[in-house]
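A.B. asks: My structure is below; once you've seen it, I'll send some questions.
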Amino acid sequence: MRTAICFLTLNLLMSFVGFAQGWEWQNPKPHGQTVNDLVMMDRARGVAVCNNGFYMYTADAGRSWTTYRLGRNNLERIIEARDGSLIVIADKRQVYRSTDNAYSWELVYSAASEGGGAQSYDIVSTPGGVLIAMLTATHLVKSTDDGQTWERFIISDPQMSFQGVRSIAIQSNTVWYLASSRDIVRSTNAGISWDSVNEKYGASGLQRLVFIDSLYGYQLRDGQLLRSYDGGENWEGMDIFGFGTVIGVEAGPRLGSSVFCLSLGHYLVNASTDSGDTWNISLTETAFEDAYPNTMVFVDERTGFIAGDGGRIIRTEDGGQSWSIVHGIGYVGTVTDLLFTDSDFGIATTYSSTVLLTTDGGRRWNEAIPSQQHSCDAITASPSGTLFLIATTTNYDFDLLRSTDKGKSWSVLSRLPLQYSSNNPEMAQSILAISDQEVMVGATFGLLLRSSDGGVTWDRSQVQEGVSNPYSSGLDIFYFPPATYIYMQYNGVQLSIDGGQTWTGWLTPGARSIWETQFLTPDIGFGLISGEFSRTTDGGRSWETEQGFRPQLIHFFDATNGLAIWSDSEQDDLTYVMKTADAGRSWEKFSMGERVGYNGWFFLSPDRMWGYGYGGAIRYNGTGGIVSTDGAPFLPSSLTMDAGYPQPFSPATQQAFRIPFASSNGGTLRLALYDLLGREVAAIDRNNVLPGAQNVDLPGGMLRGLTPGTYLYRLTVGVENSTGRLVIR
């Protein structure tokens, strides 16, 4: 909740210990990046691809994951080619290839943007190794050399209404299927010509076809899974549990008679151990509460992974009987509001009963649940630090909760006098605590609730009769001592100068919608009117709009100096921090170097701020929001080291033992290898190692002559170190 009063003193701000430069993740598990796809090259090694160019690598069967970066576009799909290389589809029609287990990448295909084509992605391989990829719903490419080169192919039969591919299916080297929302087409000659097979399959509700071989296959439909044993001539429905869209099936020779079905429904995973004849519930939707899974991968009949929103990856080692979170530990849904009461304590609400708490300025966030019976909505803090939280029951009753010990414990004070129904949905929208006793709540239908006893009892009034959009009133409340209030509605401003007894209102120009409002005084304010940046100097009676400038977020420190977050659609939707010193009449542009989406931000001072939003993301900046004109690279918060490979290692080979690592600060590097008696048997030293993700190699020749067995190594970069184990055979 934004207010016009700042109760923080200078000494609190000066006591805040600064973070590193740029915007950095404060809750790396989850770090806010949706996992879009995952591949396991073998039982130990795997790669998960995420939004904004991030990807994660595991070398220990998925028990731990290390984050790296490949460009700044969303990484949508990944597959292992026949020769062992990895192929990644990125949005903006790009294809990358890696031949060294995801440690370096080559851009092997890139096509300019073109009109049309929804954001749909898929990549499959034929039994003979031909790769077929969908880069958008109208851009299809194929490769016959394990992804080294690609060529586009187009379906142009005027008799077919086919457009907008949703998925690709391969039945054999020559029989391919493409499914859209309106058509199913099939090629029996490896994509040279295509025929409609709508009469046989029907496009409605079909998500994809999955063929295990030329005879054995599945149809994945909305709320239904069908099976075929005769190459798709006949199909039978399968009795899986729950309803919703079936988005994935895992089956095949490596799984024996086990089959796993992934759905977006109450039951997330259904498992069968008899080729789909009978099913058991393996996983419910609570594993991805307030979020969605995107992909499911099984290495064998016992070991599998599911990944999705918020960076969450869960793992099973017993064929789906039990699951454990191996990445994204913590809340994975959207952060809806955030505030700091001083330089150390902060609280963030989410679309659930969970709140996130920090007592060290955001370096670490812990989960807390104010009430199991409520979901958390708006939050505010009084000048003394008392927290007031509006929480909602499943019946849409709105209760006020209070905490006086920085979120450790909560008490339910009262039920707000709001009556929710489908025809008259009265809902709390905002809250402001002027003191520990004076609390105000804005609500739909122009309702204003006021309490003078700390939220125990309430007075109810309506600020404006007949508001134009009753569902979007009470969005913000601003207070200016001693008795001035501003109450924001969907398309206007309501002002009271007598403590809320009487109100006067003004509509925005053309009665257009206004949001992201901020009033610094009763006269000076800023907002987004129909998305365009606007300012007022007369309390909302009139507004001056900057045509065409549509930032996502704005914040002003005084009448002239402010910041905005803006994404440039002409620059691959890159996110920029915009800075103004003349009340928004002109802006200076600073790239963040990536695409970032925030629901909101909170400012502790003009230099220290947090952005928050989807996927549990919370990011901090201690440089006034400015990174640099070129953006800043993603860096880990400490030295991280992945498991070295290959394990076990044979010095007789010509290859090296490679250790991937990432350093936050860089510096002098030393890699020392010790036997179990603690004696150093080999070492590598480097000077001036740069920050970021990279590798260090122990050449095979350096290890020749060592007795087979177990050795320990320590990697030191700067003042940080990490240890690992090497087995020599």
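Letters A, B, ... go to the chains of the structure tokens in the order shown; residues in each chain start at 1; ligands are counted from 1 in the same order.
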Among segment 461-692 of chain A, which ones does DSSP assign to strand (DSSP E or B) (computed from the backbone)? Answer as a VMD selection string.
C.D. replies: chain A and resid 461 to 462 473 to 480 484 to 489 492 to 496 504 to 507 514 to 519 525 to 529 532 to 536 544 to 545 553 to 556 562 to 568 574 to 580 588 to 591 600 to 603 609 to 612 618 to 621 640 to 641 645 649 656 to 663 667 to 674 680 to 689 692
A.B. asks: Name all residues at most 8 Å from segment 355-364 of chain A (count only C-alpha atoms; drop same-chain ones fewer than 5 positions away) and give them as a PyMOL selection string.
C.D. replies: chain A and resi 16+26-27+343-350+369-370+376+407+620
A.B. asks: Mind checking which residues fall within 9 Å of segment 299-310 of chain A, counting only C-alpha atoms, ignoring those fewer than 3 positions away in the same chain, and posting them as an MDAnalysis selection string?
C.D. replies: chainID A and resid 29:38 40:43 48 50 61:62 251 254:259 262 273 288 291:296 313:320 323 327:328 331:334 614:617
A.B. asks: Residues of the last selection are to be written out with N, CA and C atoms, as a short mmCIF file (atom, residue, chain, number, x, y, z; two decimals), in the first residue's frame.
C.D. replies:
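To be explicit, this is the file written out as part.cif:
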data_model
loop_
_atom_site.label_atom_id
_atom_site.label_comp_id
_atom_site.auth_asym_id
_atom_site.auth_seq_id
_atom_site.Cartn_x
_atom_site.Cartn_y
_atom_site.Cartn_z
N LYS A 29 15.54 -19.05 -4.41
CA LYS A 29 14.73 -20.27 -4.42
C LYS A 29 13.37 -19.97 -3.81
N PRO A 30 12.38 -19.65 -4.60
CA PRO A 30 12.36 -19.56 -6.05
C PRO A 30 12.95 -18.24 -6.52
N HIS A 31 13.53 -18.24 -7.72
CA HIS A 31 14.10 -17.01 -8.23
C HIS A 31 13.19 -16.32 -9.22
N GLY A 32 11.96 -16.80 -9.35
CA GLY A 32 11.00 -16.09 -10.17
C GLY A 32 10.99 -16.46 -11.63
N GLN A 33 11.90 -17.32 -12.07
CA GLN A 33 11.97 -17.68 -13.48
C GLN A 33 11.22 -18.98 -13.74
N THR A 34 10.20 -18.92 -14.58
CA THR A 34 9.42 -20.10 -14.91
C THR A 34 10.27 -21.12 -15.66
N VAL A 35 10.22 -22.37 -15.22
CA VAL A 35 10.87 -23.46 -15.95
C VAL A 35 9.92 -23.91 -17.05
N ASN A 36 10.35 -23.78 -18.30
CA ASN A 36 9.49 -24.12 -19.44
C ASN A 36 9.67 -25.54 -19.93
N ASP A 37 10.87 -26.10 -19.77
CA ASP A 37 11.11 -27.45 -20.27
C ASP A 37 12.34 -28.02 -19.59
N LEU A 38 12.47 -29.34 -19.62
CA LEU A 38 13.56 -30.01 -18.93
C LEU A 38 13.93 -31.27 -19.70
N MET A 40 16.73 -34.72 -19.40
CA MET A 40 17.78 -35.46 -18.69
C MET A 40 18.57 -36.24 -19.73
N MET A 41 19.87 -35.96 -19.81
CA MET A 41 20.72 -36.67 -20.77
C MET A 41 21.01 -38.09 -20.30
N ASP A 42 21.08 -38.29 -19.00
CA ASP A 42 21.23 -39.61 -18.39
C ASP A 42 20.70 -39.49 -16.97
N ARG A 43 20.97 -40.46 -16.14
CA ARG A 43 20.41 -40.44 -14.78
C ARG A 43 20.98 -39.30 -13.94
N ALA A 48 17.39 -27.65 -17.38
CA ALA A 48 16.06 -27.05 -17.37
C ALA A 48 16.16 -25.65 -17.95
N CYS A 50 14.49 -21.84 -18.84
CA CYS A 50 13.60 -20.92 -18.14
C CYS A 50 13.39 -19.65 -18.95
N ALA A 61 21.75 -36.05 -10.53
CA ALA A 61 20.42 -36.65 -10.66
C ALA A 61 19.32 -35.72 -10.19
N GLY A 62 19.53 -34.43 -10.34
CA GLY A 62 18.49 -33.47 -10.03
C GLY A 62 18.35 -33.10 -8.58
N ALA A 251 5.88 -42.36 -21.46
CA ALA A 251 5.77 -43.81 -21.63
C ALA A 251 6.85 -44.23 -22.60
N ARG A 254 11.92 -47.35 -22.13
CA ARG A 254 12.76 -47.09 -20.96
C ARG A 254 11.96 -47.12 -19.66
N LEU A 255 10.62 -47.00 -19.77
CA LEU A 255 9.76 -47.01 -18.59
C LEU A 255 9.07 -48.35 -18.38
N GLY A 256 9.36 -49.32 -19.23
CA GLY A 256 8.71 -50.61 -19.09
C GLY A 256 7.21 -50.48 -19.29
N SER A 257 6.43 -50.99 -18.36
CA SER A 257 4.96 -50.91 -18.45
C SER A 257 4.40 -49.71 -17.70
N SER A 258 5.25 -48.82 -17.23
CA SER A 258 4.79 -47.64 -16.50
C SER A 258 4.41 -46.52 -17.46
N VAL A 259 3.34 -45.82 -17.11
CA VAL A 259 2.86 -44.67 -17.87
C VAL A 259 2.52 -43.58 -16.85
N LEU A 262 0.34 -36.18 -17.06
CA LEU A 262 0.37 -34.88 -16.40
C LEU A 262 -0.81 -34.04 -16.88
N THR A 273 1.09 -48.66 -13.75
CA THR A 273 2.19 -49.63 -13.85
C THR A 273 1.85 -50.78 -14.78
N PHE A 288 1.82 -27.58 -6.90
CA PHE A 288 2.03 -26.33 -7.63
C PHE A 288 0.91 -25.36 -7.29
N ALA A 291 0.18 -21.93 -9.06
CA ALA A 291 1.16 -21.91 -10.14
C ALA A 291 0.83 -23.09 -11.06
N TYR A 292 1.63 -23.27 -12.10
CA TYR A 292 1.36 -24.32 -13.07
C TYR A 292 2.63 -25.10 -13.40
N PRO A 293 2.48 -26.43 -13.56
CA PRO A 293 3.60 -27.20 -14.11
C PRO A 293 3.61 -27.04 -15.62
N ASN A 294 4.78 -27.14 -16.21
CA ASN A 294 4.91 -27.01 -17.66
C ASN A 294 5.44 -28.25 -18.34
N THR A 295 6.17 -29.09 -17.59
CA THR A 295 6.82 -30.22 -18.26
C THR A 295 7.01 -31.37 -17.27
N MET A 296 7.03 -32.59 -17.80
CA MET A 296 7.28 -33.79 -17.01
C MET A 296 8.26 -34.66 -17.78
N ILE A 313 11.02 -27.27 -9.24
CA ILE A 313 11.27 -28.59 -9.80
C ILE A 313 11.05 -29.61 -8.69
N ILE A 314 10.20 -30.58 -8.93
CA ILE A 314 9.98 -31.64 -7.95
C ILE A 314 10.42 -32.97 -8.56
N ARG A 315 10.79 -33.92 -7.69
CA ARG A 315 11.47 -35.14 -8.14
C ARG A 315 10.89 -36.34 -7.42
N THR A 316 10.79 -37.45 -8.14
CA THR A 316 10.40 -38.71 -7.52
C THR A 316 11.45 -39.77 -7.81
N GLU A 317 11.68 -40.66 -6.86
CA GLU A 317 12.59 -41.79 -7.03
C GLU A 317 11.89 -43.13 -6.85
N ASP A 318 10.57 -43.09 -6.70
CA ASP A 318 9.83 -44.34 -6.47
C ASP A 318 8.61 -44.45 -7.39
N GLY A 319 8.78 -44.01 -8.63
CA GLY A 319 7.71 -44.16 -9.59
C GLY A 319 6.50 -43.29 -9.31
N GLY A 320 6.71 -42.17 -8.64
CA GLY A 320 5.62 -41.24 -8.40
C GLY A 320 4.86 -41.46 -7.12
N TRP A 323 7.05 -37.46 -3.77
CA TRP A 323 7.75 -36.41 -4.49
C TRP A 323 8.45 -35.49 -3.51
N HIS A 327 14.13 -27.92 -6.27
CA HIS A 327 14.46 -26.53 -6.61
C HIS A 327 13.18 -25.71 -6.49
N GLY A 328 13.35 -24.44 -6.13
CA GLY A 328 12.18 -23.61 -5.91
C GLY A 328 11.56 -23.87 -4.56
N TYR A 331 7.54 -20.52 -1.55
CA TYR A 331 6.35 -20.14 -2.28
C TYR A 331 6.69 -19.83 -3.73
N VAL A 332 5.87 -20.33 -4.66
CA VAL A 332 6.19 -20.16 -6.08
C VAL A 332 5.21 -19.23 -6.80
N GLY A 333 4.20 -18.74 -6.12
CA GLY A 333 3.21 -17.91 -6.78
C GLY A 333 3.60 -16.44 -6.81
N THR A 334 2.67 -15.59 -7.16
CA THR A 334 2.93 -14.18 -7.37
C THR A 334 3.00 -13.42 -6.06
N TYR A 614 5.45 -11.81 -10.38
CA TYR A 614 5.09 -13.18 -10.75
C TYR A 614 6.21 -14.17 -10.43
N GLY A 615 5.80 -15.36 -10.06
CA GLY A 615 6.76 -16.43 -9.80
C GLY A 615 7.49 -16.29 -8.48
N GLY A 616 6.99 -15.45 -7.57
CA GLY A 616 7.66 -15.27 -6.29
C GLY A 616 8.87 -14.37 -6.38
N ALA A 617 8.99 -13.62 -7.47
CA ALA A 617 10.20 -12.82 -7.68
C ALA A 617 10.25 -11.62 -6.75
#
A.B. asks: Excluding segment 711-719 of chain A and its own-chain neighbours fewer than 5 positions away, which residues fall within 7 Å of it when counting only C-alpha atoms? Please give them as a ChimeraX atom specification.
C.D. replies: /A:666-676,724-727
A.B. asks: Please, could you write that set of residues out with N, CA and C atoms as a PDB file, in the first residue's frame?
C.D. replies:
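again-v2.pdb was written with the following content:
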ATOM      1  N   GLY A 666      34.847 -12.770  -8.599  1.00  0.00           N
ATOM      2  CA  GLY A 666      36.069 -13.091  -9.321  1.00  0.00           C
ATOM      3  C   GLY A 666      37.296 -12.931  -8.431  1.00  0.00           C
ATOM      4  N   GLY A 667      38.465 -12.863  -9.049  1.00  0.00           N
ATOM      5  CA  GLY A 667      39.712 -12.726  -8.296  1.00  0.00           C
ATOM      6  C   GLY A 667      40.681 -13.841  -8.642  1.00  0.00           C
ATOM      7  N   THR A 668      41.624 -14.087  -7.735  1.00  0.00           N
ATOM      8  CA  THR A 668      42.615 -15.148  -7.935  1.00  0.00           C
ATOM      9  C   THR A 668      41.972 -16.515  -7.716  1.00  0.00           C
ATOM     10  N   LEU A 669      42.257 -17.447  -8.635  1.00  0.00           N
ATOM     11  CA  LEU A 669      41.688 -18.800  -8.555  1.00  0.00           C
ATOM     12  C   LEU A 669      42.783 -19.800  -8.209  1.00  0.00           C
ATOM     13  N   ARG A 670      42.429 -20.748  -7.346  1.00  0.00           N
ATOM     14  CA  ARG A 670      43.308 -21.887  -7.059  1.00  0.00           C
ATOM     15  C   ARG A 670      42.438 -23.130  -6.935  1.00  0.00           C
ATOM     16  N   LEU A 671      42.814 -24.160  -7.697  1.00  0.00           N
ATOM     17  CA  LEU A 671      42.168 -25.459  -7.610  1.00  0.00           C
ATOM     18  C   LEU A 671      43.211 -26.458  -7.126  1.00  0.00           C
ATOM     19  N   ALA A 672      42.987 -27.014  -5.946  1.00  0.00           N
ATOM     20  CA  ALA A 672      43.943 -27.947  -5.345  1.00  0.00           C
ATOM     21  C   ALA A 672      43.283 -29.303  -5.145  1.00  0.00           C
ATOM     22  N   LEU A 673      44.009 -30.376  -5.502  1.00  0.00           N
ATOM     23  CA  LEU A 673      43.528 -31.745  -5.361  1.00  0.00           C
ATOM     24  C   LEU A 673      44.310 -32.425  -4.242  1.00  0.00           C
ATOM     25  N   TYR A 674      43.573 -33.121  -3.326  1.00  0.00           N
ATOM     26  CA  TYR A 674      44.192 -33.741  -2.154  1.00  0.00           C
ATOM     27  C   TYR A 674      43.823 -35.221  -2.113  1.00  0.00           C
ATOM     28  N   ASP A 675      44.753 -36.036  -1.572  1.00  0.00           N
ATOM     29  CA  ASP A 675      44.393 -37.420  -1.287  1.00  0.00           C
ATOM     30  C   ASP A 675      43.705 -37.458   0.074  1.00  0.00           C
ATOM     31  N   LEU A 676      43.263 -38.649   0.491  1.00  0.00           N
ATOM     32  CA  LEU A 676      42.492 -38.750   1.724  1.00  0.00           C
ATOM     33  C   LEU A 676      43.339 -38.538   2.979  1.00  0.00           C
ATOM     34  N   GLY A 724      34.782 -30.435  -3.476  1.00  0.00           N
ATOM     35  CA  GLY A 724      34.128 -31.511  -4.191  1.00  0.00           C
ATOM     36  C   GLY A 724      34.946 -32.782  -4.130  1.00  0.00           C
ATOM     37  N   ARG A 725      34.464 -33.816  -4.810  1.00  0.00           N
ATOM     38  CA  ARG A 725      35.103 -35.127  -4.760  1.00  0.00           C
ATOM     39  C   ARG A 725      35.369 -35.621  -6.175  1.00  0.00           C
ATOM     40  N   LEU A 726      36.519 -36.234  -6.378  1.00  0.00           N
ATOM     41  CA  LEU A 726      36.911 -36.819  -7.655  1.00  0.00           C
ATOM     42  C   LEU A 726      37.277 -38.280  -7.431  1.00  0.00           C
ATOM     43  N   VAL A 727      36.670 -39.146  -8.233  1.00  0.00           N
ATOM     44  CA  VAL A 727      36.990 -40.571  -8.174  1.00  0.00           C
ATOM     45  C   VAL A 727      37.809 -40.930  -9.406  1.00  0.00           C
TER      46      VAL A 727
END
A.B. asks: If you run DSSP on the backbone, which residues of segment 480-727 of chain A are helix (DSSP H, G or I), as a list in words?
C.D. replies: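 Put together, the selection reads Pro509, Gly510, Ala511, Ser569, Glu570, Gln571, Tyr614, Gly615, Gly616, Gly700, Gly701, Met702 and Leu703 of chain A.
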A.B. asks: Out of A:Ala559, A:Ala133, A:Ala59, A:Ile626, which residue has the shortest atom-to-atom distance to Val577 of chain A when counting only C-alpha atoms?
C.D. replies: A:Ile626
A.B. asks: With a distance cut-off of 12 Å and only C-alpha atoms, select the neighbouring residues of Ala662 of chain A, excluding the residue or stretch itself and same-chain residues fewer than 6 positions from it, and output the selection as a list in words.
C.D. replies: Thr66, Thr67, Tyr68, Arg69, Tyr103, Phe634, Leu635, Pro636, Ser637, Ser638, Leu639, Thr640, Met641, Asp642, Leu669, Val689, Leu690, Pro691, Gly692, Ala693, Gln694, Asn695, Val696, Leu715, Thr716, Val717, Glu720, Asn721 and Ser722 of chain A
A.B. asks: Which one of A:Arg402, A:Lys408, A:Arg208, A:Arg541 sits closest to Gln437 of chain A if you count only C-alpha atoms?
C.D. replies: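 Ranked by minimum distance to Gln437 of chain A, first place goes to A:Arg402.
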A.B. asks: Name all residues at most 8 Å from segment 175-188 of chain A (count only C-alpha atoms; drop same-chain ones fewer than 3 positions away) and give them as a ChimeraX atom specification.
C.D. replies: /A:161-172,191-198,201-209
A.B. asks: Rounded to one decimal in Å, what is the spacing between atom CA of Arg82 of chain A and atom CA of Leu698 of chain A?
C.D. replies: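 So the answer is 28.5 Å.
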A.B. asks: As an exercise, work out the distance from atom CA of Asp523 of chain A to atom CA of Gly540 of chain A in Å and give it to one decimal place.
C.D. replies: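 Those two atoms sit 7.3 Å apart.
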A.B. asks: Would you please work out which residue, of A:Gln489, A:Thr99, A:Ser275, A:Thr707, is nearest to Gly474 of chain A when using only C-alpha atoms?
C.D. replies: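 Of A:Gln489, A:Thr99, A:Ser275, A:Thr707, the one nearest Gly474 of chain A is A:Gln489, counting only C-alpha atoms.
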A.B. asks: Excluding Tyr96 of chain A and any residue of its chain fewer than 4 positions from it, enumerate the residues within 8 Å of it, using only C-alpha atoms, and give them as a PyMOL selection string.
C.D. replies: chain A and resi 87-90+105-109
A.B. asks: Could you dump the residues just selected with C-alpha atoms as an mmCIF file, in the first residue's frame?
C.D. replies:
data_model
loop_
_atom_site.group_PDB
_atom_site.id
_atom_site.type_symbol
_atom_site.label_atom_id
_atom_site.label_comp_id
_atom_site.auth_asym_id
_atom_site.auth_seq_id
_atom_site.Cartn_x
_atom_site.Cartn_y
_atom_site.Cartn_z
ATOM 1 C CA ILE A 87 19.058 -28.006 -28.941
ATOM 2 C CA VAL A 88 17.210 -25.082 -27.328
ATOM 3 C CA ILE A 89 14.372 -23.047 -28.833
ATOM 4 C CA ALA A 90 14.233 -19.432 -27.669
ATOM 5 C CA TRP A 105 26.148 -22.449 -26.978
ATOM 6 C CA GLU A 106 26.084 -21.556 -30.668
ATOM 7 C CA LEU A 107 23.210 -19.652 -32.305
ATOM 8 C CA VAL A 108 22.416 -21.921 -35.265
ATOM 9 C CA TYR A 109 19.159 -20.373 -36.505
#
A.B. asks: Go through A:Gly252, A:Gly499, A:Pro509, A:Pro606 and flag the residue nearest Leu528 of chain A, using only C-alpha atoms for the distances.
C.D. replies: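 The answer is A:Pro509, which sits nearest to Leu528 of chain A.
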A.B. asks: Please determine, counting only C-alpha atoms, which residue among A:Ile565, A:Met440, A:Val412, A:Ile684 has the shortest atom-to-atom distance to Arg550 of chain A.
C.D. replies: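 Of A:Ile565, A:Met440, A:Val412, A:Ile684, the one nearest Arg550 of chain A is A:Ile565, counting only C-alpha atoms.
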A.B. asks: Could you check the closest approach to Ile486 of chain A for each of A:Pro648, A:Gly455, A:Gly510, A:Gly539 and tell me which residue wins, using only C-alpha atoms?
C.D. replies: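 For Ile486 of chain A, the nearest of the given residues is A:Gly539.
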